[in-house]
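Engineer: Sharing a structure with you now.
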Amino acid sequence: MAAITLDRTTTEPAETKPWRRALGRLVKRRGAMVGLFVVLFFIAVAILAPLISPYDPVATNWGLVRKPPSAAHWFGTDEIGRDVLARVSWGARASLLAGVVSVCISLACGVPIGLVSGYVGGFLDGLLMRITDAMLACPFLILAIALAAFLGPNLTNAMIAIGISAMPAFIRLTRAQVLNAKVEDYVEAARAVGNPHLRIVLRHILPNIVAPIMVQATLAIAAAIIAEASLSFLGLGQQPPAPSWGSMLNTAKNFLSQAPWMAVWPGLAIFCVVLAFNLLGDGLRDALDPRHRA
Amino acid sequence: MRGYRTLILAGAIAAWTGAAAAETTLHIGLAEDPDILDPTLARTFVGRIVFAGFCDKLFDIAPDLKLVPQLATEYKWSPDNKALTLTLRQGVKFQDGTPFNAEAAKFSLDRHLTMKGSNRKNEISAVAKVEVVDDHTIKLDLSEPFAPLIAQLTDRAGMMVSPKAAKELGDKFGTHPVCAGPYKFAERVAQDHITLERFADYWDKANVHLDKVEYRIIPDSTVRLANLRSGQLDLIERVAATDVAGIKQDKSLKLASIVSLAYQGITINVNNGPLSKNPLGQDARVRKALELSIDRDAINQVVFNGEFLPGNQWVSPENPYYAKSVPIPKRDIAKAKELLKEAGQPNPSFTLMLPVGPENEQVSQVIQSMAKEAGFDIKLQATEFARSLDLSEQGQMQAFDIGWSGRTDPDGNIYALISCKGTLNDGHYCNETVDKELNLARTTSDPAERLKHYTAVAEQLAKDDPIIYLYHRKWIYAFSPKVTGFVPVPDGLIRVKGVSFK
Amino acid sequence: MLAYLLRRLALIVPTLFFVSVIIFGLQQLLPGDPALAMAGEERDPQVIAFIRHKYHLDQPLPVRYGLWVAGVLHGDLGESIRINRPVLDLILEKLPVTAELAGLAMCFALLIGIPAGVLSAVKNGTVWDYGANVFALWGLSTPNFWLGFLMILLFSVQLGLLPASGFVSPFEDLRQNLGAMIMPAFVLGNAIAAVMMRHTRSAMLQVMSTDYIRTARAKGLVERIVVLKHGLRNALVPVVTLGALEFGQLLSGAVLTEQVFTIPGFGKLIVDAVFNRDYAVVQGVVLFTATAYIVLNLLADIAYFLVNPRLRA
């Protein structure tokens, strides 16, 4: 088996590129397509928020405090008379950003550490694994809360806190994949030819372990969005007056009985986005690893 | 664990004794978990609510803020205001049977004054010596006249603890406090509940009607209310102002409220480090413009459904020490803009720090959008409470939306917060007139005289605006109709003595 | 086997060391002076100095770490600055509460997750499979604090059926206890149920395709017996061991669930402690949960090792 790279072409139809085959399988999975559609929808909402949202998300209106959904305010208004629909659409920015950026942080730190740990092995591996174990042993959310409190409450810091807390999972996964790949013939071959280590890792191992990491990353985005909402809910995320779904829920909990709509919409938005990422991640996993689905 | 064991035991005993007479337990929903239950070391407001159930004080206050006798029956100032003689109530016992007398009172006051880590020391630091005159009379010698002393004795500094228990438990006294209140401490499970039981030998036992009082800690106001509705609680404190309208319509609930001694305001950094060097910190006209851009009534209406009381001084407009010559200014955007123009700062910008929490966030966002109309550009910086206090003290803030839980004596709401050397004066405001008048108000116990001094202070502060006072919260309680005899008092404490079930 | 066990045990020590370093470091780096946070709104400088001295906050970081570790090795986790009680006492007081919540949540998770997983595997590809997968996705995608709100809104505020909070000890009144715990346990168990369903499903699919199931079927056994007796029994082992690994997830979830339903357990203890800068409590609770997590992991590994002879090689 040779290293899989995107530029490699083959003329034989029987041996189509694995990536294309995976894509074909992905497209056939209805759940994944629904997920992809919903994700794209929310991305569009986030980007187009200034254009599509009917009101300014921070514009207050003293005369319209906690009004139930109506023709003018489809999702109702909040505790200081802001339009909930506008805030939910702007809030998509914070949530999606938090999901993507924190997973990027996890990837950027976790994958290299996992690569080094798995490839180098020995004492360094042992040391890195013990630290990873230690991080995994502290419950994820507690680690994130402590980190976010340490860095100070705002969206950027919440993303860093989530990214760091979610990192050990990526270290573990990458390392396990590297250990598997290391003993494959093509790596042995590359080594025998005298390739430098860095080249072996980046050109021969990394491309072969991208698929499971991608799957994990998609699912991690879903978890990160919930984590951001949780931190904002505890007051450690997005700060007022900028909207985020978690902080909207944090405020809404004080008005559960008088203004339940304040709690319903942001929660529903979180649910939909997270569900979509989960669907997409599941679909990706099934498509990339046919063995998984018996 | 221990709680579980006691409960098993209690259950076993109850089963053994058979059908005991129905116990009456008052379930009170508290908004926070108290800290250590030692009157000398205690720090939190919510702790005081629980103390009110089991720890009597030398004096108490009535709803109209008048002093009423409790463990002391009379007091007398010496002509030079430097000695206070207290007559103690006779026939009083602590909950462990130890008699309450002049020695015990001296012990408690000395403990407040000398114990390591005492939070009371500052409150009564004017007391140089406590003398036992006879078995039921003590005399407090002061180093200088200090009129607020008597008010301090209506709070934790006036709480009397059993010398025997305090000596035995030392700094662990708070784990099993013994006082002379109507109910005695029985059990505490941190973050969950505190249980008190009727004290059979209480000096005023005719007014103790219940077998037990249980304080349950439920931080969320919606949940507290839901539990009151479902009958799990009989009385809840700090009802959200926005819930009041709903409760009024509910025939199965009763409501009581009273304006508190607390204030909420914006403390401005006028001279504490480099962050004070901005138009808001340096120019009183800019601060006045900010004040004029704020509509206090609208804040009250929008955030608190009109339940709180707008204010512009450290005491509420209903307080006898409110300076009537300095009324609440009406919102005046034109005037605000004019002042900003005069100051050469048509669009001043500053960062307003606020402790994380929905209420502060709402108020700050309302202020942000109000001030915008006058040209202000306010950035909000919500900060965790612990961190915000730290930053504030270090001068790492330009303006801070912060409250003060309030003291009975007006001095307690202003002296430490605004006098030049005040320990809580984070904005480092300093004005000679203010200091002089505040000190004079401490030397006299004549209310009319003191009001004159406080009026002078209020007039000066209205010119300088180092703190823009916004509103005074109300203590709002909701309770089941079967609860009778509950009377709210401005200090916000729940006096369970006299409360009974219909 | 013994060598493997010993090696695993030996690895616990450095892991716990790093746990202690991480949690201690993080704690001490938290901005905001705990003494100031504790001193209350009066912020009396003398009181602050006293608290700093009493809890060694005036010492350099390595010294504080040394003092703390020395205490821990002697079974002393320190004292809560806020209520002056030993941390160990607090942990023992909260442990039964969170254990009950976690236990009930696990019951929900198993009661829902395993049957759903079996159903989905046995009826692979049918509408049942589809339904079970939708359920799993729902469980994984619902923020549990939001689900908590919705349940409070429906069952407490609207219908008035269940209390919104108010933990009652099961020894005091079991009915009230369960009444108060049913919603939080469901909210917490919901997400775990989804994970359990997925584990069960894949384990069952694997088991059902093995030879002995084919043999059992060939013998003419009723399908129900084949599925339950031969299939599920063999699939349960990996499911239960994997379930043990959900412990961390359970604790993370408990943090928010306890916050929403005001349950006085570990989660509330630690969140309040983080916000109050009650260092010793945060350190003690995290150390305790981390140790529990590592031990559970070890047990799960050993169990897996025992039932999976192939791994012994």
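By convention here, the chains of the structure tokens are called A, B, ... in the order presented, each chain's residues are numbered starting at 1, and ligands are numbered starting at 1 in the order presented.
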Which residues of chain B are close to chain A, meaning at most 12 Å apart when you count only C-alpha atoms, and how do they look as a ChimeraX atom specification?
Structural biologist: /B:219-226,239-247,295,297-305,352-370,372,378-388,391
Engineer: Kindly determine which residues of chain A lie within 9 Å of chain C, considering only C-alpha atoms, and give the answer as an mmCIF file with C-alpha atoms, in the first residue's frame.
Structural biologist:
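So the final result, stored in part24.cif, reads:
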```
data_model
loop_
_atom_site.group_PDB
_atom_site.id
_atom_site.type_symbol
_atom_site.label_atom_id
_atom_site.label_comp_id
_atom_site.auth_asym_id
_atom_site.auth_seq_id
_atom_site.Cartn_x
_atom_site.Cartn_y
_atom_site.Cartn_z
ATOM 1 C CA LEU A 127 6.096 11.424 30.479
ATOM 2 C CA MET A 129 1.210 10.074 28.527
ATOM 3 C CA ARG A 130 1.246 10.503 32.295
ATOM 4 C CA ILE A 131 0.497 14.204 31.895
ATOM 5 C CA THR A 132 -2.258 13.380 29.419
ATOM 6 C CA ASP A 133 -3.672 10.798 31.814
ATOM 7 C CA ALA A 134 -3.590 13.370 34.576
ATOM 8 C CA MET A 135 -5.510 15.858 32.435
ATOM 9 C CA LEU A 136 -8.012 13.191 31.441
ATOM 10 C CA ALA A 137 -8.504 12.270 35.085
ATOM 11 C CA CYS A 138 -9.737 15.770 35.941
ATOM 12 C CA PRO A 139 -13.351 15.972 34.752
ATOM 13 C CA PHE A 140 -13.451 17.949 31.501
ATOM 14 C CA LEU A 141 -15.870 20.639 32.578
ATOM 15 C CA ILE A 142 -14.164 21.201 35.913
ATOM 16 C CA LEU A 143 -10.855 21.677 34.148
ATOM 17 C CA ILE A 145 -14.192 26.017 34.541
ATOM 18 C CA ALA A 146 -10.959 26.355 36.475
ATOM 19 C CA LEU A 147 -9.066 27.420 33.354
ATOM 20 C CA ALA A 149 -11.849 31.389 35.773
ATOM 21 C CA PHE A 150 -8.067 31.607 35.729
ATOM 22 C CA LEU A 151 -7.919 33.350 32.364
ATOM 23 C CA GLY A 152 -10.832 35.665 33.157
ATOM 24 C CA ALA A 222 -20.331 19.515 18.947
ATOM 25 C CA ALA A 223 -18.965 18.954 22.448
ATOM 26 C CA ILE A 226 -22.049 22.604 24.497
ATOM 27 C CA ALA A 227 -19.008 23.399 26.636
ATOM 28 C CA ALA A 229 -22.728 27.229 26.363
ATOM 29 C CA SER A 230 -22.032 25.648 29.749
ATOM 30 C CA PHE A 233 -24.205 29.649 31.479
ATOM 31 C CA LEU A 234 -21.940 29.807 34.516
ATOM 32 C CA LEU A 249 -29.803 30.883 28.896
ATOM 33 C CA LYS A 253 -33.100 31.035 34.006
ATOM 34 C CA LEU A 256 -38.325 30.817 33.540
ATOM 35 C CA SER A 257 -41.848 31.242 34.761
ATOM 36 C CA PRO A 260 -40.070 30.892 29.076
ATOM 37 C CA ALA A 263 -34.948 29.967 27.498
ATOM 38 C CA VAL A 264 -36.522 27.997 24.675
ATOM 39 C CA GLY A 267 -31.487 26.169 23.882
ATOM 40 C CA LEU A 268 -33.161 24.948 20.726
ATOM 41 C CA ILE A 270 -27.710 24.869 20.632
ATOM 42 C CA PHE A 271 -29.544 21.586 20.272
ATOM 43 C CA CYS A 272 -29.897 21.919 16.492
ATOM 44 C CA VAL A 273 -26.291 22.896 15.849
ATOM 45 C CA VAL A 274 -24.884 20.233 18.124
ATOM 46 C CA LEU A 275 -27.180 17.626 16.623
ATOM 47 C CA ALA A 276 -26.053 18.658 13.167
ATOM 48 C CA PHE A 277 -22.366 18.330 14.020
ATOM 49 C CA ASN A 278 -23.018 14.964 15.623
ATOM 50 C CA LEU A 279 -24.861 13.748 12.526
ATOM 51 C CA HIS A 292 -17.172 0.618 11.936
ATOM 52 C CA ARG A 293 -20.622 -0.089 10.640
ATOM 53 C CA ALA A 294 -21.126 -3.807 10.578
#
```
Engineer: Pick out the residues sitting within 10 Å of Pro346 (chain B), and hand them over as a VMD selection string; count only C-alpha atoms, and ignore anything fewer than 4 positions along from it in its own chain.
Structural biologist: chain B and resid 286 336 to 342 374 to 376
Engineer: Among region 282-443 of chain B, which ones does DSSP place in strand (DSSP E), written as a PyMOL selection string?
Structural biologist: chain B and resi 309-310+349-355+377-383+399-404
Engineer: Within 6 Å of chain C, which residues of chain B show up when using only C-alpha atoms, listed as a ChimeraX atom specification?
Structural biologist: /B:1,35-36,43,117,191-192,223,386-387,390
Engineer: Take CA of Thr257 (chain C) and CA of Ala109 (chain C) and report the distance between them in Å, one decimal.
Structural biologist: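 It comes out at 15.3 Å.
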Engineer: Need to verify the contact set: Thr408 (chain B), 12 Å, only C-alpha atoms, exclusion of same-chain residues closer than 5 positions in sequence. Can you return it as a PyMOL selection string?
Structural biologist: chain B and resi 59-67+148-156+260-262+314-316+319-321+413-414+489-493
Engineer: Could you save the residues just selected, with C-alpha atoms, as a compact mmCIF listing (two decimals), in the first residue's frame?
Structural biologist:
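Dumped everything to out-v9.txt:
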```txt
# COMPACT_ATOMS: atom_id res chain seq x y z
CA PHE B 59 -29.93 45.56 70.95
CA ASP B 60 -32.16 45.00 67.99
CA ILE B 61 -33.73 47.37 65.49
CA ALA B 62 -37.39 47.79 64.68
CA PRO B 63 -38.82 48.24 61.16
CA ASP B 64 -38.59 52.03 61.65
CA LEU B 65 -34.86 51.65 62.48
CA LYS B 66 -35.48 52.58 66.13
CA LEU B 67 -33.40 50.81 68.69
CA PRO B 148 -22.34 54.58 65.53
CA LEU B 149 -21.23 52.20 68.31
CA ILE B 150 -24.74 51.62 69.57
CA ALA B 151 -25.90 50.65 66.08
CA GLN B 152 -22.99 48.22 65.77
CA LEU B 153 -24.31 46.49 68.89
CA THR B 154 -27.54 45.73 67.01
CA ASP B 155 -25.56 43.53 64.68
CA ARG B 156 -22.94 40.80 64.99
CA SER B 260 -33.26 47.89 52.60
CA LEU B 261 -30.30 49.69 54.08
CA ALA B 262 -28.26 48.70 51.03
CA TRP B 314 -25.80 56.31 50.59
CA VAL B 315 -29.08 56.01 52.47
CA SER B 316 -32.48 55.70 50.84
CA ASN B 319 -34.11 56.98 55.77
CA PRO B 320 -34.16 59.62 58.54
CA TYR B 321 -30.61 60.61 57.56
CA ASN B 413 -22.66 53.14 54.56
CA ILE B 414 -20.24 55.95 53.89
CA VAL B 489 -36.97 44.92 58.92
CA PRO B 490 -34.69 47.10 56.77
CA ASP B 491 -31.60 45.11 57.73
CA GLY B 492 -33.08 42.19 55.77
CA LEU B 493 -32.76 39.67 58.59
```
Engineer: Restricting the calculation to only C-alpha atoms, which member of C:Gly179, C:Gly189, C:Pro60, C:Gly78 is positioned closest to Ala105 (chain C)?
Structural biologist: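 For Ala105 (chain C), the nearest of the given residues is C:Gly189.
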Engineer: Can you work out which one of B:Arg238, B:Arg495, B:Arg89, B:Lys330 has the shortest atom-to-atom distance to Leu255 (chain B), counting only C-alpha atoms?
Structural biologist: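 Looking only at the distances to Leu255 (chain B), the closest residue turns out to be B:Arg238.
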Engineer: Could you list, as a PyMOL selection string, every residue within 12 Å of Phe108 (chain C), counting only C-alpha atoms and ignoring same-chain residues fewer than 3 positions away?
Structural biologist: chain C and resi 101-105+111-116+181-194+196-197
Engineer: Residues near region 29-32 of chain A, anyone? I mean within 8 Å using only C-alpha atoms, not counting same-chain ones fewer than 6 positions away, as a short mmCIF file (atom, residue, chain, number, x, y, z; two decimals) with N, CA and C atoms, in the first residue's frame.
Structural biologist:
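Here's the written file around_21.cif:
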```cif
data_model
loop_
_atom_site.label_atom_id
_atom_site.label_comp_id
_atom_site.auth_asym_id
_atom_site.auth_seq_id
_atom_site.Cartn_x
_atom_site.Cartn_y
_atom_site.Cartn_z
N ALA A 276 -26.55 18.66 14.54
CA ALA A 276 -26.05 18.66 13.17
C ALA A 276 -24.59 18.21 13.12
N LEU A 279 -24.44 14.50 13.71
CA LEU A 279 -24.86 13.75 12.53
C LEU A 279 -23.74 13.71 11.50
N LEU A 280 -23.15 14.87 11.30
CA LEU A 280 -22.07 14.97 10.32
C LEU A 280 -20.88 14.11 10.74
N GLY A 281 -20.55 14.20 12.02
CA GLY A 281 -19.41 13.42 12.52
C GLY A 281 -19.66 11.93 12.39
N ASP A 282 -20.86 11.50 12.75
CA ASP A 282 -21.20 10.08 12.62
C ASP A 282 -21.11 9.64 11.17
N GLY A 283 -21.66 10.48 10.29
CA GLY A 283 -21.64 10.15 8.87
C GLY A 283 -20.21 10.04 8.36
N LEU A 284 -19.37 11.00 8.76
CA LEU A 284 -17.97 10.99 8.35
C LEU A 284 -17.29 9.70 8.82
#
```
Engineer: Would you mind telling me which residue in C:Gly148, C:Trp128, C:Val207, C:Leu298 lies nearest to Leu9 (chain C) when using only C-alpha atoms?
Structural biologist: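 Smallest separation from Leu9 (chain C) among the options: C:Leu298.
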